[in-house]
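Q: One structure, pasted below without further comment.
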Amino acid sequence: MSETVKKKNTMYYINSIITLVIIFGFGQLPAVAPLTPLGMNLIGIFLGLLYGWIFVDIVWPSMAGLLALMLIGGMAPKVLLNSSFGDPIVVMMFFIFIFCAAIDQYGLSRFISMWFITRKFVQGKPWAFTFIFLASIFILGGLTSASPAALIGWAILYAICDLVGYKKGDGYPTMMVFAIVFAAQVGMSMIPFKQVPLTVLGAFQNMTGMSIDYAKYMVIAIVSCIVCAILLLLVCKFLFHPDVSKLATLDARELDKTGDGLMMNRNQKIVFAFLIALVLCLLLPSFLPQGFFLKTFLDGIGSTGVCIFIVAIMCLIKVDGHPLLQMKKAINNGVAWGIIFLLAAVQPLSTAMTAEESGITEWMMGILNPIFGGKSPIFFMVVIGLIAALVTNVMNNGALGVALMPIVYSYCTSSGIDPQLSVIIVVMCVHLAFLTPAASSSASLLHGNEWVTSKDIMKSATPIVFISWVAITIVTVALGSILF
């Protein structure tokens, strides 16, 4: 075993011990009013989980957190399990992962991206082509997740470079390697029932009993993504000045190696139809009138039931003698168990932390009032968004979003303002995770890409993070004043 591996193993066990000490030991400290002993235990579990998620792993610290909630968090095992792995948000996430596995299995993701960039109206127009290319990655990030969307985008980019003669170190591919990750990562925020949004929104819902309207969320998120994409291209064009002349002669149809003329095959059409059905079924209850039979049915089974319903039908249908969705294969290839365990720990903990007997809400308000007291709600949204955008670059974005929910809840409830816009800003801003490898899984891929250096990433990402934070805040406040 090399010295490097030994050091990593040593640090792993040291950080693991620290995680357990924080989870089970923090509550032994004297409680500071208005915190109660229960509140101290819950804060210890919360801080220990954050430390473990950042420095150790996602899965086993989450398990330790669940055990701690039973032992020192005041939750009976049956109650805990019902509110963790049995929580509708956790179950919904499980089935969303399975559905996304089918999208990847049938090559629908790559088809969507290729379809966009082969449109005639972008031929001979380098910046129009670039915008459409990135738009397709935004969509893929929303439909699947950031990492596979980035890998698909890079594969297409490399093929373009081979076709027109770009090499490593050239301005355009260097810019696009980062821009693709940006589009994939931020695009993942467009769909509220995807990994990070669902994790954060689930924590918020457990704390407040409020649920954010998916349709309104998507309007704000989609507009924010469009504005961010436009600003990204403006910064790249006028600040970095890459040479795009080689794209003027590009015919993206030459990238089609399948010979099918970029036509969907039968299986892709079926999966695409189910994708549209899933999105519509999740959004329609916001628009249908009360008493309408379809609204009654969809409300009756809820968002989790909709996901189960769609997956069940896909398992029922057989194509070429096999189920359209092969459950075992989809679970093995598609379910990110780390996210499932993180959610299972977050759901009961977020509920427990808002309980009056813990004293946590009152304690947090004592901290927040000197900072935000007397300030406008917009000031709070600006600051909380900036915190999310900066801190997400050094820690897991889902964990950060969850960590900020008690702050949003405490401030908004005590100030008598609607917390939904602050929640949306946090969800959007924690996706601006690019500056360090620890920021997100797609950031790890970015920093390991041979086509860019750390200097390139910092040069590109730093202004984009700040500009995107400003854009997201403005769009959310402007549209939120109309929609909410």
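Following the order of the structure tokens, chains are lettered A, B, ..., residues in each are numbered from 1, and ligands are numbered from 1.
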Any idea what's packed within 12 Å of Asp243 (chain A), counting only C-alpha atoms, ignoring anything in its chain fewer than 3 positions away? Could you give it as a list of chain:residue names?
A: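 Skipping anything fewer than 3 positions along the chain leaves A:Pro126, A:Trp127, A:Gly165, A:Tyr166, A:Lys167, A:Gly169, A:Asp170, A:Gly171, A:Tyr172, A:Pro173, A:Thr174, A:Met175, A:Met176, A:Cys236, A:Lys237, A:Phe238, A:Phe240, A:Lys246, A:Leu247, A:Ala248.
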Q: Could you dump the residues just selected with N, CA, C and O atoms as a tab-separated table (two decimals), in the first residue's frame?
A:
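Wrote part_25.tsv, looks like this:
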chain	number	residue	atom	x	y	z
A	126	PRO	N	-21.76	30.57	-35.28
A	126	PRO	CA	-21.05	29.95	-34.15
A	126	PRO	C	-21.68	30.21	-32.79
A	126	PRO	O	-21.82	29.28	-31.97
A	127	TRP	N	-22.09	31.44	-32.51
A	127	TRP	CA	-22.61	31.72	-31.18
A	127	TRP	C	-24.04	31.22	-31.02
A	127	TRP	O	-24.44	30.81	-29.93
A	165	GLY	N	-11.01	20.91	-36.14
A	165	GLY	CA	-9.59	21.16	-35.94
A	165	GLY	C	-9.18	21.87	-34.67
A	165	GLY	O	-8.05	22.33	-34.55
A	166	TYR	N	-10.07	21.94	-33.66
A	166	TYR	CA	-9.67	22.51	-32.38
A	166	TYR	C	-8.79	21.51	-31.62
A	166	TYR	O	-8.98	20.29	-31.72
A	167	LYS	N	-7.84	22.03	-30.84
A	167	LYS	CA	-6.95	21.20	-30.05
A	167	LYS	C	-7.00	21.63	-28.58
A	167	LYS	O	-7.50	22.70	-28.25
A	169	GLY	N	-6.15	23.28	-25.28
A	169	GLY	CA	-5.51	24.57	-25.05
A	169	GLY	C	-6.12	25.69	-25.86
A	169	GLY	O	-5.91	26.87	-25.52
A	170	ASP	N	-6.85	25.35	-26.92
A	170	ASP	CA	-7.52	26.40	-27.70
A	170	ASP	C	-8.64	27.02	-26.87
A	170	ASP	O	-9.25	26.36	-26.01
A	171	GLY	N	-8.94	28.28	-27.15
A	171	GLY	CA	-9.88	29.02	-26.33
A	171	GLY	C	-11.28	28.45	-26.31
A	171	GLY	O	-11.91	28.36	-25.25
A	172	TYR	N	-11.80	28.06	-27.48
A	172	TYR	CA	-13.19	27.60	-27.54
A	172	TYR	C	-13.42	26.31	-26.76
A	172	TYR	O	-14.33	26.26	-25.92
A	173	PRO	N	-12.65	25.24	-27.00
A	173	PRO	CA	-12.90	24.03	-26.21
A	173	PRO	C	-12.64	24.23	-24.73
A	173	PRO	O	-13.34	23.64	-23.89
A	174	THR	N	-11.65	25.06	-24.38
A	174	THR	CA	-11.40	25.33	-22.96
A	174	THR	C	-12.61	25.99	-22.32
A	174	THR	O	-13.03	25.63	-21.21
A	175	MET	N	-13.19	26.95	-23.02
A	175	MET	CA	-14.40	27.62	-22.54
A	175	MET	C	-15.55	26.64	-22.43
A	175	MET	O	-16.30	26.62	-21.44
A	176	MET	N	-15.72	25.81	-23.45
A	176	MET	CA	-16.89	24.94	-23.51
A	176	MET	C	-16.84	23.80	-22.51
A	176	MET	O	-17.89	23.32	-22.06
A	236	CYS	N	-18.39	35.01	-22.05
A	236	CYS	CA	-17.41	34.26	-22.85
A	236	CYS	C	-17.03	35.03	-24.12
A	236	CYS	O	-15.86	35.09	-24.49
A	237	LYS	N	-18.02	35.62	-24.76
A	237	LYS	CA	-17.76	36.30	-26.04
A	237	LYS	C	-16.96	37.57	-25.85
A	237	LYS	O	-15.99	37.82	-26.59
A	238	PHE	N	-17.33	38.38	-24.86
A	238	PHE	CA	-16.72	39.71	-24.74
A	238	PHE	C	-15.59	39.78	-23.72
A	238	PHE	O	-14.79	40.72	-23.75
A	240	PHE	N	-13.64	36.65	-22.72
A	240	PHE	CA	-12.61	35.66	-23.03
A	240	PHE	C	-12.24	35.63	-24.51
A	240	PHE	O	-11.17	35.12	-24.87
A	246	LYS	N	-13.77	28.62	-36.71
A	246	LYS	CA	-13.79	27.26	-37.25
A	246	LYS	C	-15.19	26.65	-37.24
A	246	LYS	O	-15.47	25.70	-37.98
A	247	LEU	N	-16.06	27.20	-36.40
A	247	LEU	CA	-17.42	26.67	-36.32
A	247	LEU	C	-18.30	27.14	-37.46
A	247	LEU	O	-19.39	26.61	-37.68
A	248	ALA	N	-17.82	28.14	-38.20
A	248	ALA	CA	-18.63	28.71	-39.28
A	248	ALA	C	-18.92	27.69	-40.38
A	248	ALA	O	-19.95	27.77	-41.06
Q: Could you pull the residues within 7 Å of Ser350 (chain A), counting only C-alpha atoms, minus those fewer than 3 positions along the same chain, as JSON, numbers by chain?
A: {"A": [203, 206, 207, 346, 347, 353, 354]}
Q: Let me make sure I understand: among A:Ile360, A:Ala399, A:Ile156, A:Ile191, which one has the smallest atom-to-atom distance to Thr36 (chain A) if we use only C-alpha atoms?
A: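 Using only C-alpha atoms, Thr36 (chain A) sits closest to A:Ile360.
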Q: Do you know which residues are at most 8 Å from Ser83 (chain A) counting only C-alpha atoms, after dropping those on the same chain fewer than 2 positions away, and could you put them as a PyMOL selection string?
A: chain A and resi 79-81+85-87+344+347-348
Q: With all heavy atoms retained, write the just-selected residues as a PDB file, in the first residue's frame.
A:
ATOM      1  N   VAL A  79     -41.455   5.430  14.471  1.00  0.00           N
ATOM      2  CA  VAL A  79     -41.722   6.786  13.997  1.00  0.00           C
ATOM      3  C   VAL A  79     -40.604   7.251  13.075  1.00  0.00           C
ATOM      4  O   VAL A  79     -40.839   7.849  12.016  1.00  0.00           O
ATOM      5  CB  VAL A  79     -41.870   7.755  15.186  1.00  0.00           C
ATOM      6  CG1 VAL A  79     -42.000   9.193  14.690  1.00  0.00           C
ATOM      7  CG2 VAL A  79     -43.071   7.369  16.038  1.00  0.00           C
ATOM      8  N   LEU A  80     -39.367   6.962  13.481  1.00  0.00           N
ATOM      9  CA  LEU A  80     -38.216   7.383  12.685  1.00  0.00           C
ATOM     10  C   LEU A  80     -38.226   6.737  11.306  1.00  0.00           C
ATOM     11  O   LEU A  80     -38.041   7.413  10.280  1.00  0.00           O
ATOM     12  CB  LEU A  80     -36.916   7.035  13.409  1.00  0.00           C
ATOM     13  CG  LEU A  80     -35.644   7.318  12.612  1.00  0.00           C
ATOM     14  CD1 LEU A  80     -35.427   8.820  12.467  1.00  0.00           C
ATOM     15  CD2 LEU A  80     -34.426   6.684  13.260  1.00  0.00           C
ATOM     16  N   LEU A  81     -38.441   5.433  11.247  1.00  0.00           N
ATOM     17  CA  LEU A  81     -38.392   4.738   9.962  1.00  0.00           C
ATOM     18  C   LEU A  81     -39.521   5.184   9.044  1.00  0.00           C
ATOM     19  O   LEU A  81     -39.349   5.281   7.830  1.00  0.00           O
ATOM     20  CB  LEU A  81     -38.442   3.222  10.189  1.00  0.00           C
ATOM     21  CG  LEU A  81     -37.199   2.637  10.885  1.00  0.00           C
ATOM     22  CD1 LEU A  81     -37.401   1.165  11.198  1.00  0.00           C
ATOM     23  CD2 LEU A  81     -35.957   2.828  10.032  1.00  0.00           C
ATOM     24  N   PHE A  85     -37.046   6.469   5.602  1.00  0.00           N
ATOM     25  CA  PHE A  85     -37.171   5.701   4.360  1.00  0.00           C
ATOM     26  C   PHE A  85     -38.617   5.588   3.890  1.00  0.00           C
ATOM     27  O   PHE A  85     -38.863   5.346   2.710  1.00  0.00           O
ATOM     28  CB  PHE A  85     -36.576   4.297   4.551  1.00  0.00           C
ATOM     29  CG  PHE A  85     -35.084   4.303   4.730  1.00  0.00           C
ATOM     30  CD1 PHE A  85     -34.521   4.144   5.978  1.00  0.00           C
ATOM     31  CD2 PHE A  85     -34.243   4.494   3.644  1.00  0.00           C
ATOM     32  CE1 PHE A  85     -33.146   4.164   6.147  1.00  0.00           C
ATOM     33  CE2 PHE A  85     -32.872   4.519   3.797  1.00  0.00           C
ATOM     34  CZ  PHE A  85     -32.324   4.351   5.060  1.00  0.00           C
ATOM     35  N   GLY A  86     -39.560   5.766   4.812  1.00  0.00           N
ATOM     36  CA  GLY A  86     -40.962   5.729   4.422  1.00  0.00           C
ATOM     37  C   GLY A  86     -41.525   7.074   4.019  1.00  0.00           C
ATOM     38  O   GLY A  86     -42.693   7.158   3.627  1.00  0.00           O
ATOM     39  N   ASP A  87     -40.714   8.125   4.090  1.00  0.00           N
ATOM     40  CA  ASP A  87     -41.191   9.452   3.713  1.00  0.00           C
ATOM     41  C   ASP A  87     -41.496   9.498   2.212  1.00  0.00           C
ATOM     42  O   ASP A  87     -40.727   8.969   1.398  1.00  0.00           O
ATOM     43  CB  ASP A  87     -40.122  10.497   4.052  1.00  0.00           C
ATOM     44  CG  ASP A  87     -40.606  11.911   3.815  1.00  0.00           C
ATOM     45  OD1 ASP A  87     -41.166  12.499   4.744  1.00  0.00           O
ATOM     46  OD2 ASP A  87     -40.419  12.412   2.685  1.00  0.00           O
ATOM     47  N   ALA A 344     -33.076  10.278   3.639  1.00  0.00           N
ATOM     48  CA  ALA A 344     -33.686   9.527   4.733  1.00  0.00           C
ATOM     49  C   ALA A 344     -33.248  10.069   6.085  1.00  0.00           C
ATOM     50  O   ALA A 344     -34.010  10.016   7.062  1.00  0.00           O
ATOM     51  CB  ALA A 344     -33.319   8.044   4.626  1.00  0.00           C
ATOM     52  N   GLN A 347     -34.927  14.074   6.399  1.00  0.00           N
ATOM     53  CA  GLN A 347     -36.367  14.273   6.598  1.00  0.00           C
ATOM     54  C   GLN A 347     -36.779  14.262   8.072  1.00  0.00           C
ATOM     55  O   GLN A 347     -37.409  15.205   8.550  1.00  0.00           O
ATOM     56  CB  GLN A 347     -37.160  13.239   5.800  1.00  0.00           C
ATOM     57  CG  GLN A 347     -37.004  13.363   4.275  1.00  0.00           C
ATOM     58  CD  GLN A 347     -37.432  14.719   3.742  1.00  0.00           C
ATOM     59  OE1 GLN A 347     -36.654  15.661   3.711  1.00  0.00           O
ATOM     60  NE2 GLN A 347     -38.680  14.823   3.341  1.00  0.00           N
ATOM     61  N   PRO A 348     -36.443  13.222   8.837  1.00  0.00           N
ATOM     62  CA  PRO A 348     -36.854  13.249  10.254  1.00  0.00           C
ATOM     63  C   PRO A 348     -36.087  14.284  11.071  1.00  0.00           C
ATOM     64  O   PRO A 348     -36.647  14.878  12.006  1.00  0.00           O
ATOM     65  CB  PRO A 348     -36.543  11.826  10.743  1.00  0.00           C
ATOM     66  CG  PRO A 348     -35.495  11.319   9.809  1.00  0.00           C
ATOM     67  CD  PRO A 348     -35.798  11.951   8.483  1.00  0.00           C
TER      68      PRO A 348
END
Q: Skipping near chain neighbours, those fewer than 5 positions away, what residues fall within 6 Å of Gly141 (chain A) using only C-alpha atoms, listed as a list in words?
A: Ala146, Ala149, Ala184, Gly187 and Met188 of chain A
Q: Near Leu50 (chain A), within 12 Å and counting only C-alpha atoms, which residues show up once chain neighbours fewer than 6 positions away are dropped, as a JSON list (two decimals) with all heavy atoms, in the first residue's frame?
A:
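Saved the output as part-v6.json:
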[["chain", "number", "residue", "atom", "x", "y", "z"],
["A", 15, "ASN", "N", -11.41, 11.30, 10.50],
["A", 15, "ASN", "CA", -12.63, 12.07, 10.23],
["A", 15, "ASN", "C", -13.88, 11.29, 10.64],
["A", 15, "ASN", "O", -14.88, 11.89, 11.07],
["A", 15, "ASN", "CB", -12.70, 12.45, 8.76],
["A", 15, "ASN", "CG", -11.74, 13.57, 8.39],
["A", 15, "ASN", "OD1", -11.51, 14.48, 9.19],
["A", 15, "ASN", "ND2", -11.17, 13.51, 7.20],
["A", 16, "SER", "N", -13.83, 9.98, 10.50],
["A", 16, "SER", "CA", -14.97, 9.16, 10.93],
["A", 16, "SER", "C", -15.18, 9.25, 12.43],
["A", 16, "SER", "O", -16.31, 9.37, 12.92],
["A", 16, "SER", "CB", -14.75, 7.70, 10.52],
["A", 16, "SER", "OG", -14.68, 7.56, 9.11],
["A", 18, "ILE", "N", -14.19, 11.73, 14.34],
["A", 18, "ILE", "CA", -14.65, 13.10, 14.62],
["A", 18, "ILE", "C", -16.16, 13.21, 14.36],
["A", 18, "ILE", "O", -16.90, 13.82, 15.14],
["A", 18, "ILE", "CB", -13.88, 14.12, 13.77],
["A", 18, "ILE", "CG1", -12.41, 14.17, 14.20],
["A", 18, "ILE", "CG2", -14.51, 15.51, 13.89],
["A", 18, "ILE", "CD1", -11.54, 15.03, 13.30],
["A", 19, "THR", "N", -16.61, 12.60, 13.27],
["A", 19, "THR", "CA", -18.04, 12.61, 12.95],
["A", 19, "THR", "C", -18.87, 12.02, 14.08],
["A", 19, "THR", "O", -19.87, 12.60, 14.53],
["A", 19, "THR", "CB", -18.30, 11.82, 11.65],
["A", 19, "THR", "OG1", -17.61, 12.44, 10.57],
["A", 19, "THR", "CG2", -19.79, 11.75, 11.33],
["A", 20, "LEU", "N", -18.45, 10.85, 14.57],
["A", 20, "LEU", "CA", -19.19, 10.18, 15.64],
["A", 20, "LEU", "C", -19.12, 10.97, 16.95],
["A", 20, "LEU", "O", -20.11, 11.03, 17.69],
["A", 20, "LEU", "CB", -18.64, 8.76, 15.84],
["A", 20, "LEU", "CG", -18.88, 7.79, 14.68],
["A", 20, "LEU", "CD1", -18.15, 6.48, 14.93],
["A", 20, "LEU", "CD2", -20.37, 7.55, 14.47],
["A", 22, "ILE", "N", -18.89, 14.22, 17.25],
["A", 22, "ILE", "CA", -19.79, 15.37, 17.14],
["A", 22, "ILE", "C", -21.25, 14.91, 17.28],
["A", 22, "ILE", "O", -22.04, 15.52, 18.01],
["A", 22, "ILE", "CB", -19.59, 16.10, 15.80],
["A", 22, "ILE", "CG1", -18.18, 16.69, 15.72],
["A", 22, "ILE", "CG2", -20.63, 17.22, 15.65],
["A", 22, "ILE", "CD1", -17.86, 17.29, 14.36],
["A", 23, "ILE", "N", -21.61, 13.83, 16.58],
["A", 23, "ILE", "CA", -22.99, 13.35, 16.61],
["A", 23, "ILE", "C", -23.43, 12.99, 18.03],
["A", 23, "ILE", "O", -24.50, 13.40, 18.50],
["A", 23, "ILE", "CB", -23.17, 12.14, 15.67],
["A", 23, "ILE", "CG1", -23.10, 12.58, 14.19],
["A", 23, "ILE", "CG2", -24.51, 11.44, 15.93],
["A", 23, "ILE", "CD1", -23.16, 11.44, 13.21],
["A", 43, "ILE", "N", -28.73, 19.43, 17.40],
["A", 43, "ILE", "CA", -27.71, 20.23, 16.74],
["A", 43, "ILE", "C", -26.44, 19.41, 16.55],
["A", 43, "ILE", "O", -25.78, 19.48, 15.51],
["A", 43, "ILE", "CB", -27.41, 21.51, 17.55],
["A", 43, "ILE", "CG1", -28.60, 22.47, 17.47],
["A", 43, "ILE", "CG2", -26.16, 22.21, 17.02],
["A", 43, "ILE", "CD1", -28.45, 23.71, 18.33],
["A", 44, "GLY", "N", -26.10, 18.59, 17.56],
["A", 44, "GLY", "CA", -24.93, 17.72, 17.43],
["A", 44, "GLY", "C", -25.07, 16.73, 16.29],
["A", 44, "GLY", "O", -24.13, 16.50, 15.51],
["A", 56, "VAL", "N", -16.14, 12.62, 4.91],
["A", 56, "VAL", "CA", -16.07, 11.15, 4.98],
["A", 56, "VAL", "C", -16.84, 10.51, 3.83],
["A", 56, "VAL", "O", -16.26, 10.04, 2.86],
["A", 56, "VAL", "CB", -16.61, 10.64, 6.34],
["A", 56, "VAL", "CG1", -16.44, 9.12, 6.43],
["A", 56, "VAL", "CG2", -15.89, 11.31, 7.50],
["A", 57, "ASP", "N", -18.16, 10.50, 3.93],
["A", 57, "ASP", "CA", -19.00, 9.79, 2.96],
["A", 57, "ASP", "C", -20.43, 10.27, 3.18],
["A", 57, "ASP", "O", -20.71, 11.02, 4.11],
["A", 57, "ASP", "CB", -18.87, 8.28, 3.17],
["A", 57, "ASP", "CG", -19.53, 7.48, 2.08],
["A", 57, "ASP", "OD1", -19.68, 8.03, 0.96],
["A", 57, "ASP", "OD2", -19.92, 6.32, 2.31],
["A", 58, "ILE", "N", -21.32, 9.82, 2.32],
["A", 58, "ILE", "CA", -22.72, 10.15, 2.49],
["A", 58, "ILE", "C", -23.47, 9.05, 3.23],
["A", 58, "ILE", "O", -24.24, 9.31, 4.16],
["A", 58, "ILE", "CB", -23.40, 10.39, 1.13],
["A", 58, "ILE", "CG1", -22.82, 11.62, 0.43],
["A", 58, "ILE", "CG2", -24.91, 10.56, 1.30],
["A", 58, "ILE", "CD1", -23.12, 12.93, 1.12],
["A", 61, "PRO", "N", -22.40, 7.91, 7.44],
["A", 61, "PRO", "CA", -22.78, 8.95, 8.40],
["A", 61, "PRO", "C", -24.29, 9.15, 8.50],
["A", 61, "PRO", "O", -24.82, 9.45, 9.57],
["A", 61, "PRO", "CB", -22.08, 10.20, 7.84],
["A", 61, "PRO", "CG", -20.88, 9.66, 7.12],
["A", 61, "PRO", "CD", -21.39, 8.41, 6.48],
["A", 62, "SER", "N", -24.99, 8.99, 7.35],
["A", 62, "SER", "CA", -26.45, 9.09, 7.39],
["A", 62, "SER", "C", -27.04, 7.99, 8.27],
["A", 62, "SER", "O", -27.99, 8.22, 9.03],
["A", 62, "SER", "CB", -27.03, 9.00, 5.97],
["A", 62, "SER", "OG", -26.57, 10.07, 5.17],
["A", 64, "ALA", "N", -25.48, 6.58, 10.78],
["A", 64, "ALA", "CA", -25.16, 6.95, 12.15],
["A", 64, "ALA", "C", -26.13, 8.01, 12.66],
["A", 64, "ALA", "O", -26.55, 7.98, 13.83],
["A", 64, "ALA", "CB", -23.72, 7.46, 12.23],
["A", 65, "GLY", "N", -26.50, 8.95, 11.78],
["A", 65, "GLY", "CA", -27.46, 9.97, 12.16],
["A", 65, "GLY", "C", -28.82, 9.39, 12.49],
["A", 65, "GLY", "O", -29.48, 9.83, 13.45],
["A", 342, "LEU", "N", -29.05, 10.17, 2.32],
["A", 342, "LEU", "CA", -29.00, 11.56, 2.79],
["A", 342, "LEU", "C", -30.41, 12.07, 3.06],
["A", 342, "LEU", "O", -30.69, 12.68, 4.10],
["A", 342, "LEU", "CB", -28.29, 12.43, 1.76],
["A", 342, "LEU", "CG", -28.04, 13.90, 2.14],
["A", 342, "LEU", "CD1", -26.75, 14.41, 1.51],
["A", 342, "LEU", "CD2", -29.19, 14.79, 1.68],
["A", 345, "ALA", "N", -32.04, 10.61, 6.18],
["A", 345, "ALA", "CA", -31.58, 11.21, 7.43],
["A", 345, "ALA", "C", -32.10, 12.63, 7.59],
["A", 345, "ALA", "O", -32.42, 13.06, 8.71],
["A", 345, "ALA", "CB", -30.05, 11.20, 7.47],
["A", 346, "VAL", "N", -32.20, 13.35, 6.50],
["A", 346, "VAL", "CA", -32.59, 14.75, 6.55],
["A", 346, "VAL", "C", -34.06, 14.91, 6.94],
["A", 346, "VAL", "O", -34.41, 15.80, 7.73],
["A", 346, "VAL", "CB", -32.34, 15.42, 5.18],
["A", 346, "VAL", "CG1", -33.14, 16.71, 5.03],
["A", 346, "VAL", "CG2", -30.85, 15.71, 5.01],
["A", 395, "MET", "N", -18.58, 22.58, -0.18],
["A", 395, "MET", "CA", -19.26, 21.47, 0.48],
["A", 395, "MET", "C", -20.39, 20.95, -0.39],
["A", 395, "MET", "O", -20.79, 21.61, -1.35],
["A", 395, "MET", "CB", -19.78, 21.90, 1.86],
["A", 395, "MET", "CG", -20.94, 22.88, 1.83],
["A", 395, "MET", "SD", -21.54, 23.30, 3.50],
["A", 395, "MET", "CE", -22.35, 21.77, 3.97],
["A", 396, "ASN", "N", -20.88, 19.78, -0.06],
["A", 396, "ASN", "CA", -21.97, 19.14, -0.81],
["A", 396, "ASN", "C", -23.16, 20.07, -0.93],
["A", 396, "ASN", "O", -23.64, 20.62, 0.06],
["A", 396, "ASN", "CB", -22.37, 17.84, -0.10],
["A", 396, "ASN", "CG", -23.50, 17.12, -0.78],
["A", 396, "ASN", "OD1", -24.66, 17.46, -0.60],
["A", 396, "ASN", "ND2", -23.17, 16.14, -1.59],
["A", 397, "ASN", "N", -23.63, 20.27, -2.17],
["A", 397, "ASN", "CA", -24.68, 21.27, -2.37],
["A", 397, "ASN", "C", -26.02, 20.88, -1.75],
["A", 397, "ASN", "O", -26.75, 21.73, -1.25],
["A", 397, "ASN", "CB", -24.85, 21.63, -3.85],
["A", 397, "ASN", "CG", -24.95, 20.41, -4.75],
["A", 397, "ASN", "OD1", -24.97, 19.28, -4.28],
["A", 397, "ASN", "ND2", -25.00, 20.64, -6.04],
["A", 398, "GLY", "N", -26.35, 19.61, -1.78],
["A", 398, "GLY", "CA", -27.59, 19.18, -1.14],
["A", 398, "GLY", "C", -27.55, 19.38, 0.37],
["A", 398, "GLY", "O", -28.51, 19.86, 0.98],
["A", 399, "ALA", "N", -26.41, 19.02, 0.97],
["A", 399, "ALA", "CA", -26.25, 19.19, 2.42],
["A", 399, "ALA", "C", -26.30, 20.67, 2.80],
["A", 399, "ALA", "O", -26.88, 21.05, 3.82],
["A", 399, "ALA", "CB", -24.93, 18.58, 2.88],
["A", 400, "LEU", "N", -25.70, 21.53, 1.97],
["A", 400, "LEU", "CA", -25.73, 22.96, 2.26],
["A", 400, "LEU", "C", -27.15, 23.50, 2.20],
["A", 400, "LEU", "O", -27.58, 24.28, 3.06],
["A", 400, "LEU", "CB", -24.84, 23.72, 1.27],
["A", 400, "LEU", "CG", -24.94, 25.25, 1.34],
["A", 400, "LEU", "CD1", -24.47, 25.75, 2.70],
["A", 400, "LEU", "CD2", -24.13, 25.90, 0.23],
["A", 401, "GLY", "N", -27.89, 23.11, 1.16],
["A", 401, "GLY", "CA", -29.27, 23.56, 1.04],
["A", 401, "GLY", "C", -30.10, 23.19, 2.26],
["A", 401, "GLY", "O", -30.88, 24.00, 2.78],
["A", 402, "VAL", "N", -29.90, 21.96, 2.74],
["A", 402, "VAL", "CA", -30.60, 21.51, 3.95],
["A", 402, "VAL", "C", -30.16, 22.34, 5.16],
["A", 402, "VAL", "O", -30.97, 22.73, 5.99],
["A", 402, "VAL", "CB", -30.33, 20.01, 4.19],
["A", 402, "VAL", "CG1", -30.86, 19.58, 5.55],
["A", 402, "VAL", "CG2", -30.97, 19.18, 3.08],
["A", 403, "ALA", "N", -28.85, 22.62, 5.25],
["A", 403, "ALA", "CA", -28.32, 23.38, 6.38],
["A", 403, "ALA", "C", -28.90, 24.79, 6.44],
["A", 403, "ALA", "O", -29.05, 25.36, 7.53],
["A", 403, "ALA", "CB", -26.80, 23.44, 6.30],
["A", 404, "LEU", "N", -29.23, 25.36, 5.28],
["A", 404, "LEU", "CA", -29.76, 26.73, 5.25],
["A", 404, "LEU", "C", -31.26, 26.81, 5.51],
["A", 404, "LEU", "O", -31.78, 27.89, 5.79],
["A", 404, "LEU", "CB", -29.44, 27.37, 3.90],
["A", 404, "LEU", "CG", -27.95, 27.63, 3.61],
["A", 404, "LEU", "CD1", -27.78, 28.21, 2.21],
["A", 404, "LEU", "CD2", -27.34, 28.57, 4.64]]
Q: Could you pull out the helix (DSSP H, G or I) residues of region 108-179 of chain A, going by DSSP on the backbone, and write them as a VMD selection string?
A: chain A and resid 108 to 117 120 to 122 126 to 143 146 to 164 171 to 179
Q: Pick out the residues sitting within 8 Å of region 131-138 of chain A, and hand them over as a list in words; count only C-alpha atoms, and ignore anything fewer than 4 positions along from it in its own chain.
A: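 Near region 131-138 of chain A, the qualifying residues are Ile112, Ser113, Phe116, Ile117, Val122, Trp127, Gly142, Ala149, Ala150, Gly153, Ala179, Ile180, Ala183, Ala184, Gln185, Val186, Gly187, Met188, Cys225, Ala229, Ile230 and Leu233 of chain A.
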Q: Check which residues of region 312-396 of chain A sit at most 7 Å from region 420-440 of chain A using only C-alpha atoms, and return one row each with the closest pair of atoms and their distance in Å to one decimal, ordered by chain and rising number, as a tab-separated table.
A:
residue	atom	partner	partner_atom	distance
A:Met381	CA	A:Ser422	CA	5.4
A:Ile384	CA	A:Val426	CA	6.9
A:Gly385	CA	A:Val426	CA	5.5
A:Ala388	CA	A:Val430	CA	5.3
A:Ala389	CA	A:Cys429	CA	4.9
A:Thr392	CA	A:Val430	CA	5.3
A:Asn393	CA	A:Ala439	CA	4.3
A:Val394	CA	A:Ala439	CA	5.1
A:Met395	CA	A:Ala439	CA	5.3
A:Asn396	CA	A:Ala439	CA	5.8
Q: Can you tell me, as JSON, numbers by chain, what residues are no more than 9 Å from region 409-419 of chain A when counting only C-alpha atoms, ignoring any on the same chain fewer than 6 positions away?
A: {"A": [204, 207, 208, 354, 361, 362, 364, 365, 368, 369, 372, 373, 377, 380, 484]}
Q: Hey, what does DSSP flag as strand (DSSP E or B) within region 134-369 of chain A? Can you give it to me as a list in words?
A: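 Result set for region 134-369 of chain A (strand (DSSP E or B)): Lys318, Val319, His322 and Pro323 of chain A.
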